[in-house]
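Here is data_31.tsv, consisting of TSV, C-alpha atoms:
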```
chain	number	residue	atom	x	y	z
A	1	LEU	CA	-67.32	-12.81	-1.72
A	2	ALA	CA	-66.52	-14.55	1.57
A	3	THR	CA	-68.13	-17.78	0.39
A	4	ALA	CA	-66.10	-17.71	-2.82
A	5	HIS	CA	-62.91	-17.13	-0.82
A	6	ALA	CA	-63.65	-19.30	2.20
A	7	PRO	CA	-59.95	-20.31	2.69
A	8	GLU	CA	-59.05	-16.62	3.06
A	9	VAL	CA	-61.73	-16.13	5.72
A	10	LEU	CA	-60.51	-19.21	7.57
A	11	LYS	CA	-56.92	-17.97	7.39
A	12	ALA	CA	-58.03	-14.62	8.82
A	13	LEU	CA	-59.36	-16.43	11.90
A	14	GLY	CA	-55.72	-16.77	12.90
A	15	SER	CA	-55.04	-13.04	12.48
A	16	ASP	CA	-53.10	-11.15	15.18
A	17	ASP	CA	-55.67	-8.35	15.05
A	18	PRO	CA	-58.51	-9.06	17.53
A	19	ALA	CA	-60.94	-6.85	15.57
A	20	VAL	CA	-60.28	-8.88	12.40
A	21	GLN	CA	-60.72	-12.13	14.32
A	22	LEU	CA	-64.06	-10.97	15.71
A	23	GLU	CA	-65.40	-10.02	12.30
A	24	MET	CA	-64.16	-13.22	10.66
A	25	VAL	CA	-65.74	-15.39	13.36
A	26	ARG	CA	-69.07	-13.58	12.90
A	27	LEU	CA	-68.81	-13.95	9.13
A	28	ALA	CA	-67.80	-17.62	9.20
A	29	GLY	CA	-70.67	-18.34	11.59
A	30	ARG	CA	-73.25	-16.44	9.58
A	31	LEU	CA	-72.22	-18.20	6.36
A	32	LYS	CA	-71.75	-21.58	8.11
A	33	LEU	CA	-68.45	-21.95	6.30
A	34	PRO	CA	-67.24	-25.56	6.14
A	35	GLY	CA	-64.05	-25.94	8.12
A	36	ALA	CA	-64.73	-22.84	10.24
A	37	PRO	CA	-64.95	-24.75	13.55
A	38	ASP	CA	-61.36	-26.01	13.05
A	39	GLY	CA	-60.14	-22.43	12.87
A	40	MET	CA	-62.26	-21.42	15.86
A	41	GLY	CA	-60.98	-24.13	18.18
A	42	PRO	CA	-57.76	-22.30	19.11
A	43	LEU	CA	-59.72	-19.07	19.72
A	44	LEU	CA	-61.66	-20.80	22.49
A	45	ASP	CA	-58.39	-21.56	24.26
A	46	GLY	CA	-57.41	-17.89	24.32
A	47	GLY	CA	-58.28	-15.54	27.14
A	48	ASP	CA	-60.35	-12.92	25.31
A	49	ARG	CA	-63.85	-13.15	26.73
A	50	GLU	CA	-65.65	-11.20	24.00
A	51	LEU	CA	-64.02	-13.27	21.29
A	52	LYS	CA	-64.90	-16.53	23.03
A	53	LEU	CA	-68.54	-15.51	23.35
A	54	VAL	CA	-68.70	-14.64	19.64
A	55	VAL	CA	-67.06	-18.00	18.84
A	56	VAL	CA	-69.68	-19.88	20.90
A	57	GLU	CA	-72.44	-17.94	19.13
A	58	ALA	CA	-70.95	-18.77	15.73
A	59	LEU	CA	-70.58	-22.46	16.64
A	60	THR	CA	-74.23	-22.65	17.70
A	61	THR	CA	-75.21	-21.17	14.32
A	62	ILE	CA	-73.01	-23.66	12.44
A	63	GLY	CA	-74.22	-26.63	14.51
A	64	SER	CA	-72.04	-29.19	12.67
A	65	PRO	CA	-70.63	-32.25	14.53
A	66	ASN	CA	-67.28	-30.44	14.76
A	67	ALA	CA	-68.93	-27.31	16.14
A	68	MET	CA	-70.80	-29.40	18.72
A	69	ARG	CA	-67.53	-31.00	19.87
A	70	LEU	CA	-66.03	-27.57	20.51
A	71	LEU	CA	-69.14	-26.48	22.39
A	72	GLU	CA	-68.77	-29.56	24.61
A	73	LYS	CA	-65.28	-28.31	25.46
A	74	ALA	CA	-66.70	-24.87	26.28
A	75	ILE	CA	-68.75	-26.46	29.11
A	76	ASP	CA	-65.54	-26.37	31.16
A	77	ASP	CA	-64.42	-22.91	30.06
A	78	ALA	CA	-63.00	-20.56	32.70
A	79	ASP	CA	-65.56	-17.87	31.79
A	80	ARG	CA	-69.06	-18.16	33.26
A	81	ASP	CA	-70.89	-16.62	30.28
A	82	VAL	CA	-69.11	-18.91	27.83
A	83	ARG	CA	-70.12	-21.95	29.92
A	84	ILE	CA	-73.74	-20.78	30.18
A	85	ALA	CA	-74.07	-20.10	26.43
A	86	ALA	CA	-72.62	-23.51	25.53
A	87	VAL	CA	-74.65	-25.50	28.06
A	88	LYS	CA	-77.91	-23.74	27.20
A	89	PHE	CA	-77.52	-24.51	23.49
A	90	LEU	CA	-76.41	-28.13	23.98
A	91	GLY	CA	-79.35	-28.78	26.31
A	92	GLN	CA	-81.84	-27.22	23.90
A	93	ARG	CA	-80.41	-29.24	21.01
A	94	GLY	CA	-80.64	-32.45	23.04
A	95	HIS	CA	-76.96	-33.13	22.34
A	96	ARG	CA	-76.39	-36.39	24.24
A	97	ASN	CA	-72.57	-36.32	23.94
A	98	ALA	CA	-72.52	-33.33	26.28
A	99	PHE	CA	-74.39	-35.25	28.97
A	100	PRO	CA	-71.40	-36.72	30.89
A	101	ARG	CA	-69.85	-33.26	31.43
A	102	ILE	CA	-73.16	-31.68	32.41
A	103	GLU	CA	-74.02	-34.57	34.72
A	104	ALA	CA	-70.58	-34.35	36.39
A	105	ALA	CA	-71.16	-30.64	37.08
A	106	VAL	CA	-74.67	-31.19	38.48
A	107	LEU	CA	-73.77	-34.13	40.71
A	108	GLY	CA	-70.29	-32.95	41.67
A	109	THR	CA	-69.03	-29.86	43.49
A	110	LYS	CA	-68.30	-27.78	40.40
A	111	LEU	CA	-71.42	-25.61	40.74
A	112	LYS	CA	-71.04	-25.07	44.48
A	113	ASP	CA	-69.88	-21.46	44.14
A	114	SER	CA	-71.77	-20.66	40.93
A	115	ASP	CA	-74.57	-18.12	40.86
A	116	LEU	CA	-78.21	-19.15	40.46
A	117	THR	CA	-78.33	-18.41	36.71
A	118	GLU	CA	-75.45	-20.77	35.96
A	119	LYS	CA	-76.74	-23.50	38.28
A	120	MET	CA	-80.18	-23.26	36.70
A	121	THR	CA	-78.71	-23.51	33.17
A	122	PHE	CA	-76.76	-26.67	34.04
A	123	PHE	CA	-79.71	-28.28	35.84
A	124	GLU	CA	-82.18	-27.52	33.04
A	125	ALA	CA	-79.79	-28.98	30.46
A	126	TYR	CA	-79.37	-32.02	32.72
A	127	GLY	CA	-83.14	-32.53	32.85
A	128	ALA	CA	-83.49	-32.09	29.10
A	129	LEU	CA	-80.71	-34.60	28.37
A	130	ALA	CA	-81.30	-37.14	31.15
A	131	GLY	CA	-85.00	-37.62	30.47
A	132	THR	CA	-86.90	-39.94	32.81
A	133	ALA	CA	-83.64	-41.59	33.96
A	134	GLY	CA	-82.81	-38.33	35.77
A	135	ILE	CA	-86.00	-38.29	37.88
A	136	PRO	CA	-84.69	-40.35	40.86
A	137	VAL	CA	-81.51	-38.24	41.00
A	138	LEU	CA	-83.46	-34.98	40.98
A	139	GLU	CA	-86.01	-36.28	43.46
A	140	LYS	CA	-83.19	-37.02	45.91
A	141	LEU	CA	-82.01	-33.40	45.62
A	142	LEU	CA	-85.46	-31.83	45.75
A	143	VAL	CA	-87.51	-33.78	48.27
A	144	PRO	CA	-86.26	-33.43	51.86
A	145	LYS	CA	-85.84	-36.77	53.61
A	146	GLY	CA	-87.21	-37.20	57.11
A	147	GLY	CA	-85.09	-37.44	60.24
A	148	LEU	CA	-83.26	-34.82	62.23
A	149	LEU	CA	-79.83	-35.61	60.88
A	150	ALA	CA	-80.87	-35.93	57.25
A	151	ARG	CA	-78.82	-33.63	55.05
A	152	LYS	CA	-80.96	-31.15	53.21
A	153	GLU	CA	-79.88	-29.44	50.03
A	154	ASP	CA	-79.80	-25.63	49.99
A	155	PRO	CA	-82.87	-23.84	48.54
A	156	GLU	CA	-81.02	-22.84	45.34
A	157	THR	CA	-80.04	-26.43	44.52
A	158	ARG	CA	-83.55	-27.63	45.30
A	159	ALA	CA	-85.10	-24.92	43.09
A	160	CYS	CA	-82.73	-25.94	40.26
A	161	ALA	CA	-83.71	-29.59	40.67
A	162	ALA	CA	-87.37	-28.57	40.38
A	163	MET	CA	-86.70	-26.66	37.15
A	164	ALA	CA	-84.79	-29.65	35.77
A	165	LEU	CA	-87.80	-31.88	36.47
A	166	GLY	CA	-89.91	-29.41	34.52
A	167	LYS	CA	-87.77	-30.13	31.46
A	168	ILE	CA	-88.48	-33.87	31.67
A	169	ARG	CA	-92.21	-33.52	31.00
A	170	ALA	CA	-93.24	-36.95	32.25
A	171	PRO	CA	-96.02	-37.96	34.68
A	172	ALA	CA	-93.37	-39.28	37.11
A	173	ALA	CA	-91.64	-35.87	37.13
A	174	LYS	CA	-94.98	-34.20	37.85
A	175	GLU	CA	-95.58	-36.54	40.81
A	176	VAL	CA	-92.24	-35.58	42.37
A	177	LEU	CA	-92.95	-31.87	41.92
A	178	GLN	CA	-96.38	-32.18	43.50
A	179	LYS	CA	-94.79	-33.59	46.68
A	180	VAL	CA	-93.11	-30.24	47.32
A	181	ALA	CA	-95.70	-27.86	45.87
A	182	GLN	CA	-96.26	-26.41	49.36
A	183	ASP	CA	-92.57	-26.23	50.34
A	184	LYS	CA	-91.79	-23.64	53.00
A	185	GLU	CA	-88.94	-22.13	50.96
A	186	PRO	CA	-90.36	-19.42	48.63
A	187	LEU	CA	-87.58	-19.99	46.07
A	188	VAL	CA	-88.38	-23.70	45.90
A	189	ARG	CA	-92.15	-23.10	45.80
A	190	ASN	CA	-91.81	-20.66	42.87
A	191	ALA	CA	-89.54	-23.02	40.94
A	192	VAL	CA	-91.95	-25.90	41.52
A	193	SER	CA	-94.96	-23.96	40.26
A	194	ARG	CA	-93.03	-22.86	37.16
A	195	ALA	CA	-91.88	-26.43	36.55
A	196	LEU	CA	-95.42	-27.78	36.96
A	197	ARG	CA	-96.61	-25.35	34.31
A	198	GLU	CA	-93.93	-26.69	31.96
A	199	VAL	CA	-94.71	-30.34	32.68
A	200	GLY	CA	-98.36	-29.53	31.91
```

Rewrite the structure from the file as C-alpha coordinates, please.
Amino acid sequence: LATAHAPEVLKALGSDDPAVQLEMVRLAGRLKLPGAPDGMGPLLDGGDRELKLVVVEALTTIGSPNAMRLLEKAIDDADRDVRIAAVKFLGQRGHRNAFPRIEAAVLGTKLKDSDLTEKMTFFEAYGALAGTAGIPVLEKLLVPKGGLLARKEDPETRACAAMALGKIRAPAAKEVLQKVAQDKEPLVRNAVSRALREVG
(Lines of atoms letter the chains of each structure in order from A and count residues from 1; the text may use other names and numbers.)
(Lines give C-alpha, C1' and ligand atoms only; values in the text may rest on other atoms or scores of the structure.)
Protein backbone atom coordinates (compact mmCIF):
# COMPACT_ATOMS: atom_id res chain seq x y z
CA LEU A 1 0.00 0.00 0.00
CA ALA A 2 2.74 2.44 1.02
CA THR A 3 4.75 1.68 -2.12
CA ALA A 4 1.71 2.31 -4.30
CA HIS A 5 1.07 5.61 -2.52
CA ALA A 6 4.65 6.75 -1.98
CA PRO A 7 3.78 10.48 -2.40
CA GLU A 8 1.33 10.19 0.51
CA VAL A 9 3.99 8.61 2.73
CA LEU A 10 6.45 11.35 1.79
CA LYS A 11 3.84 14.02 2.52
CA ALA A 12 3.23 12.45 5.94
CA LEU A 13 6.92 12.97 6.78
CA GLY A 14 5.99 16.62 7.20
CA SER A 15 3.13 15.83 9.60
CA ASP A 16 2.73 17.85 12.81
CA ASP A 17 2.19 14.63 14.76
CA PRO A 18 5.55 13.25 15.99
CA ALA A 19 4.14 9.71 16.24
CA VAL A 20 3.07 9.84 12.57
CA GLN A 21 6.47 11.21 11.57
CA LEU A 22 8.26 8.38 13.38
CA GLU A 23 6.17 5.70 11.72
CA MET A 24 6.50 7.26 8.27
CA VAL A 25 10.28 7.55 8.59
CA ARG A 26 10.50 3.88 9.59
CA LEU A 27 8.23 2.90 6.72
CA ALA A 28 10.03 5.02 4.11
CA GLY A 29 13.35 3.59 5.27
CA ARG A 30 12.18 -0.01 5.27
CA LEU A 31 10.73 0.34 1.76
CA LYS A 32 13.67 2.49 0.53
CA LEU A 33 11.16 4.87 -1.02
CA PRO A 34 12.68 7.06 -3.73
CA GLY A 35 12.61 10.68 -2.65
CA ALA A 36 12.38 9.80 1.05
CA PRO A 37 15.73 11.41 1.97
CA ASP A 38 14.45 14.79 0.70
CA GLY A 39 11.56 14.61 3.14
CA MET A 40 13.85 13.47 5.95
CA GLY A 41 16.34 16.31 5.61
CA PRO A 42 14.25 18.85 7.54
CA LEU A 43 13.61 16.28 10.30
CA LEU A 44 17.35 16.13 11.00
CA ASP A 45 17.34 19.87 11.65
CA GLY A 46 14.67 19.53 14.33
CA GLY A 47 15.43 18.99 17.98
CA ASP A 48 13.68 15.66 18.62
CA ARG A 49 16.41 13.18 19.46
CA GLU A 50 14.37 9.99 18.99
CA LEU A 51 13.14 11.15 15.60
CA LYS A 52 16.65 12.08 14.47
CA LEU A 53 17.99 8.66 15.45
CA VAL A 54 15.21 6.93 13.50
CA VAL A 55 15.96 9.19 10.52
CA VAL A 56 19.66 8.24 10.61
CA GLU A 57 18.71 4.57 10.80
CA ALA A 58 16.35 4.95 7.83
CA LEU A 59 19.00 6.82 5.81
CA THR A 60 21.54 4.05 6.42
CA THR A 61 18.99 1.51 5.15
CA ILE A 62 18.26 3.59 2.04
CA GLY A 63 21.96 4.25 1.35
CA SER A 64 21.31 6.36 -1.79
CA PRO A 65 23.66 9.26 -2.71
CA ASN A 66 21.09 11.68 -1.27
CA ALA A 67 20.84 9.68 1.95
CA MET A 68 24.64 9.65 2.25
CA ARG A 69 24.75 13.45 1.87
CA LEU A 70 22.34 13.85 4.78
CA LEU A 71 24.36 11.43 6.88
CA GLU A 72 27.46 13.56 6.21
CA LYS A 73 25.54 16.50 7.68
CA ALA A 74 24.64 14.40 10.72
CA ILE A 75 28.38 14.13 11.56
CA ASP A 76 28.06 17.64 13.02
CA ASP A 77 24.71 17.08 14.75
CA ALA A 78 24.26 18.47 18.26
CA ASP A 79 23.29 15.03 19.58
CA ARG A 80 26.08 12.57 20.42
CA ASP A 81 24.15 9.41 19.48
CA VAL A 82 23.15 10.86 16.11
CA ARG A 83 26.80 11.72 15.38
CA ILE A 84 28.00 8.26 16.43
CA ALA A 85 25.40 6.43 14.32
CA ALA A 86 26.20 8.51 11.23
CA VAL A 87 29.99 8.28 11.56
CA LYS A 88 29.95 4.54 12.25
CA PHE A 89 27.90 3.83 9.13
CA LEU A 90 29.88 6.17 6.85
CA GLY A 91 33.16 4.64 8.02
CA GLN A 92 31.90 1.09 7.49
CA ARG A 93 30.63 1.99 4.02
CA GLY A 94 33.97 3.57 3.12
CA HIS A 95 32.16 6.77 2.12
CA ARG A 96 35.07 9.01 1.08
CA ASN A 97 32.99 12.23 0.90
CA ALA A 98 32.62 12.11 4.67
CA PHE A 99 36.38 12.06 5.17
CA PRO A 100 37.04 15.83 5.42
CA ARG A 101 34.52 16.24 8.28
CA ILE A 102 35.77 13.16 10.12
CA GLU A 103 39.40 14.19 9.65
CA ALA A 104 38.65 17.71 10.94
CA ALA A 105 37.11 16.22 14.09
CA VAL A 106 40.01 13.82 14.69
CA LEU A 107 42.77 16.37 14.11
CA GLY A 108 40.97 19.36 15.61
CA THR A 109 39.63 20.08 19.09
CA LYS A 110 36.06 18.94 18.43
CA LEU A 111 36.46 15.61 20.25
CA LYS A 112 38.30 17.09 23.24
CA ASP A 113 35.32 16.79 25.59
CA SER A 114 33.73 13.73 23.95
CA ASP A 115 33.49 10.42 25.76
CA LEU A 116 35.63 7.44 24.76
CA THR A 117 32.88 5.76 22.69
CA GLU A 118 32.46 8.80 20.46
CA LYS A 119 36.20 9.39 20.11
CA MET A 120 36.73 5.74 19.20
CA THR A 121 33.95 5.87 16.57
CA PHE A 122 35.48 8.93 14.88
CA PHE A 123 39.02 7.52 14.99
CA GLU A 124 37.99 4.11 13.62
CA ALA A 125 36.10 5.78 10.76
CA TYR A 126 39.17 7.95 10.13
CA GLY A 127 41.39 4.86 9.89
CA ALA A 128 38.93 3.08 7.60
CA LEU A 129 38.66 6.09 5.26
CA ALA A 130 42.24 7.40 5.37
CA GLY A 131 43.89 4.08 4.58
CA THR A 132 47.70 4.01 4.55
CA ALA A 133 47.85 7.81 4.13
CA GLY A 134 46.60 8.10 7.73
CA ILE A 135 49.44 6.04 9.24
CA PRO A 136 51.94 8.92 9.81
CA VAL A 137 49.20 11.06 11.41
CA LEU A 138 48.14 8.26 13.76
CA GLU A 139 51.73 7.34 14.57
CA LYS A 140 52.35 10.91 15.71
CA LEU A 141 49.39 10.64 18.11
CA LEU A 142 50.19 7.15 19.35
CA VAL A 143 53.95 6.89 19.71
CA PRO A 144 55.39 9.13 22.44
CA LYS A 145 58.32 11.23 21.24
CA GLY A 146 61.44 11.40 23.38
CA GLY A 147 62.53 14.43 25.35
CA LEU A 148 61.30 15.87 28.61
CA LEU A 149 59.27 18.66 27.09
CA ALA A 150 57.69 16.57 24.34
CA ARG A 151 53.91 16.83 24.46
CA LYS A 152 52.28 13.48 24.98
CA GLU A 153 48.72 12.75 24.00
CA ASP A 154 46.34 11.54 26.72
CA PRO A 155 45.82 7.75 27.03
CA GLU A 156 42.30 7.92 25.51
CA THR A 157 43.51 9.67 22.35
CA ARG A 158 46.42 7.27 22.05
CA ALA A 159 44.13 4.24 22.48
CA CYS A 160 41.83 5.65 19.77
CA ALA A 161 44.79 6.15 17.43
CA ALA A 162 45.75 2.51 17.99
CA MET A 163 42.23 1.32 17.12
CA ALA A 164 42.26 3.49 13.99
CA LEU A 165 45.52 1.84 12.89
CA GLY A 166 43.81 -1.51 13.34
CA LYS A 167 41.29 -0.47 10.68
CA ILE A 168 44.05 0.22 8.13
CA ARG A 169 45.22 -3.40 7.95
CA ALA A 170 48.59 -2.73 6.35
CA PRO A 171 52.07 -3.97 7.33
CA ALA A 172 53.13 -0.35 8.05
CA ALA A 173 50.22 0.03 10.51
CA LYS A 174 51.27 -3.18 12.23
CA GLU A 175 54.85 -1.89 12.60
CA VAL A 176 53.63 1.26 14.35
CA LEU A 177 51.42 -0.74 16.71
CA GLN A 178 54.27 -3.09 17.61
CA LYS A 179 56.35 -0.11 18.79
CA VAL A 180 53.90 0.48 21.64
CA ALA A 181 52.79 -3.09 22.36
CA GLN A 182 54.37 -2.83 25.84
CA ASP A 183 53.10 0.69 26.62
CA LYS A 184 52.81 1.45 30.32
CA GLU A 185 49.23 2.73 29.98
CA PRO A 186 46.80 -0.23 30.32
CA LEU A 187 44.20 1.49 28.11
CA VAL A 188 46.74 1.95 25.32
CA ARG A 189 48.13 -1.58 25.72
CA ASN A 190 44.64 -3.12 25.44
CA ALA A 191 43.77 -1.04 22.39
CA VAL A 192 47.06 -1.99 20.74
CA SER A 193 46.54 -5.71 21.28
CA ARG A 194 42.98 -5.48 19.90
CA ALA A 195 44.22 -3.51 16.90
CA LEU A 196 47.01 -6.00 16.24
CA ARG A 197 44.44 -8.79 16.16
CA GLU A 198 42.48 -6.83 13.54
CA VAL A 199 45.54 -6.05 11.43
CA GLY A 200 46.33 -9.78 11.50

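Considering the residues A:Ala128, A:Leu51, A:Ile102, A:Leu177 and counting all atoms listed in the file, Leu141 in chain A has its shortest atom-to-atom contact with A:Leu177.
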
Query raised in the report: Quick one: residues within 10 Å of Gln21 in chain A, only C-alpha atoms counted, chain neighbours fewer than 2 positions away excluded, as a PyMOL selection string?
Result: chain A and resi 9-19+23-27+40+43+51+54-55

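Comparing the minimum interatomic distances between Arg83 in chain A and each of A:Glu103, A:Glu118, A:Asp48, A:Glu185, counting all atoms listed in the file, we find that A:Glu118 sits nearest.
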
**Report entry** Tyr126 in chain A surroundings by all atoms listed in the file, 9 Å radius, close-in-sequence under 5 positions cut, as an MDAnalysis selection string
**Finding:** chainID A and resid 91 99 102:103 106 121 131 134 164 167

Query - Near-Ala159 in chain A list (12 Å; all atoms listed in the file; drop same-chain fewer than 3 positions) as a ChimeraX atom specification - result: /A:116-117,119-121,123-124,138-139,141-143,153-156,162-166,177,180-181,183,185-195

Query raised in the report: Could you work out how far CA of Phe89 in chain A lies from CA of Thr60 in chain A, giving the answer in Å with one decimal?
Result: 6.9 Å

Query raised in the report: Between CA of Thr61 in chain A and CA of Pro100 in chain A, what is the distance, to one decimal in Å?
Result: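 Pair CA of Thr61 in chain A / CA of Pro100 in chain A returns 23.0 Å.
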
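Here CA of Thr157 in chain A and CA of Lys179 in chain A stand 16.5 Å from one another.
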
Query raised in the report: For Gly47 in chain A, which of A:Leu107, A:Leu196, A:Ala78, A:Gly29 is the closest residue, counting all atoms listed in the file?
Result: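 Looking at the shortest contact to Gly47 in chain A, the residue is A:Ala78.
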
Output, as JSON, the centre and edge lengths in Å (one decimal) of the axis-aligned box that contains all listed atoms of range 94-106 of chain A with 4 Å of margin on each side.
```
{"center_x": -75.2, "center_y": -33.7, "center_z": 30.4, "size_x": 18.8, "size_y": 14.1, "size_z": 24.1}
```

**Report entry** Shell of 12 Å around Glu57 in chain A, only C-alpha atoms, local chain residues under 4 positions omitted, as a ChimeraX atom specification
**Finding:** /A:22,25-30,32,37,40,44,50-53,61-63,67-68,70-71,74,81-90

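When only C-alpha atoms are used to measure the gap to Arg197 in chain A, the shortest distance among A:Ala173, A:Gln182, A:Leu111, A:Ala58 belongs to A:Ala173.
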
Query raised in the report: Between A:Lys73, A:Arg80, A:Arg158, A:Arg96, which is the closest to Lys184 in chain A once you count all atoms listed in the file?
Result: A:Arg158

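Closest approach to Pro144 in chain A among A:Gly200, A:Arg93, A:Ala105, A:Val176: A:Val176, based on all atoms listed in the file.
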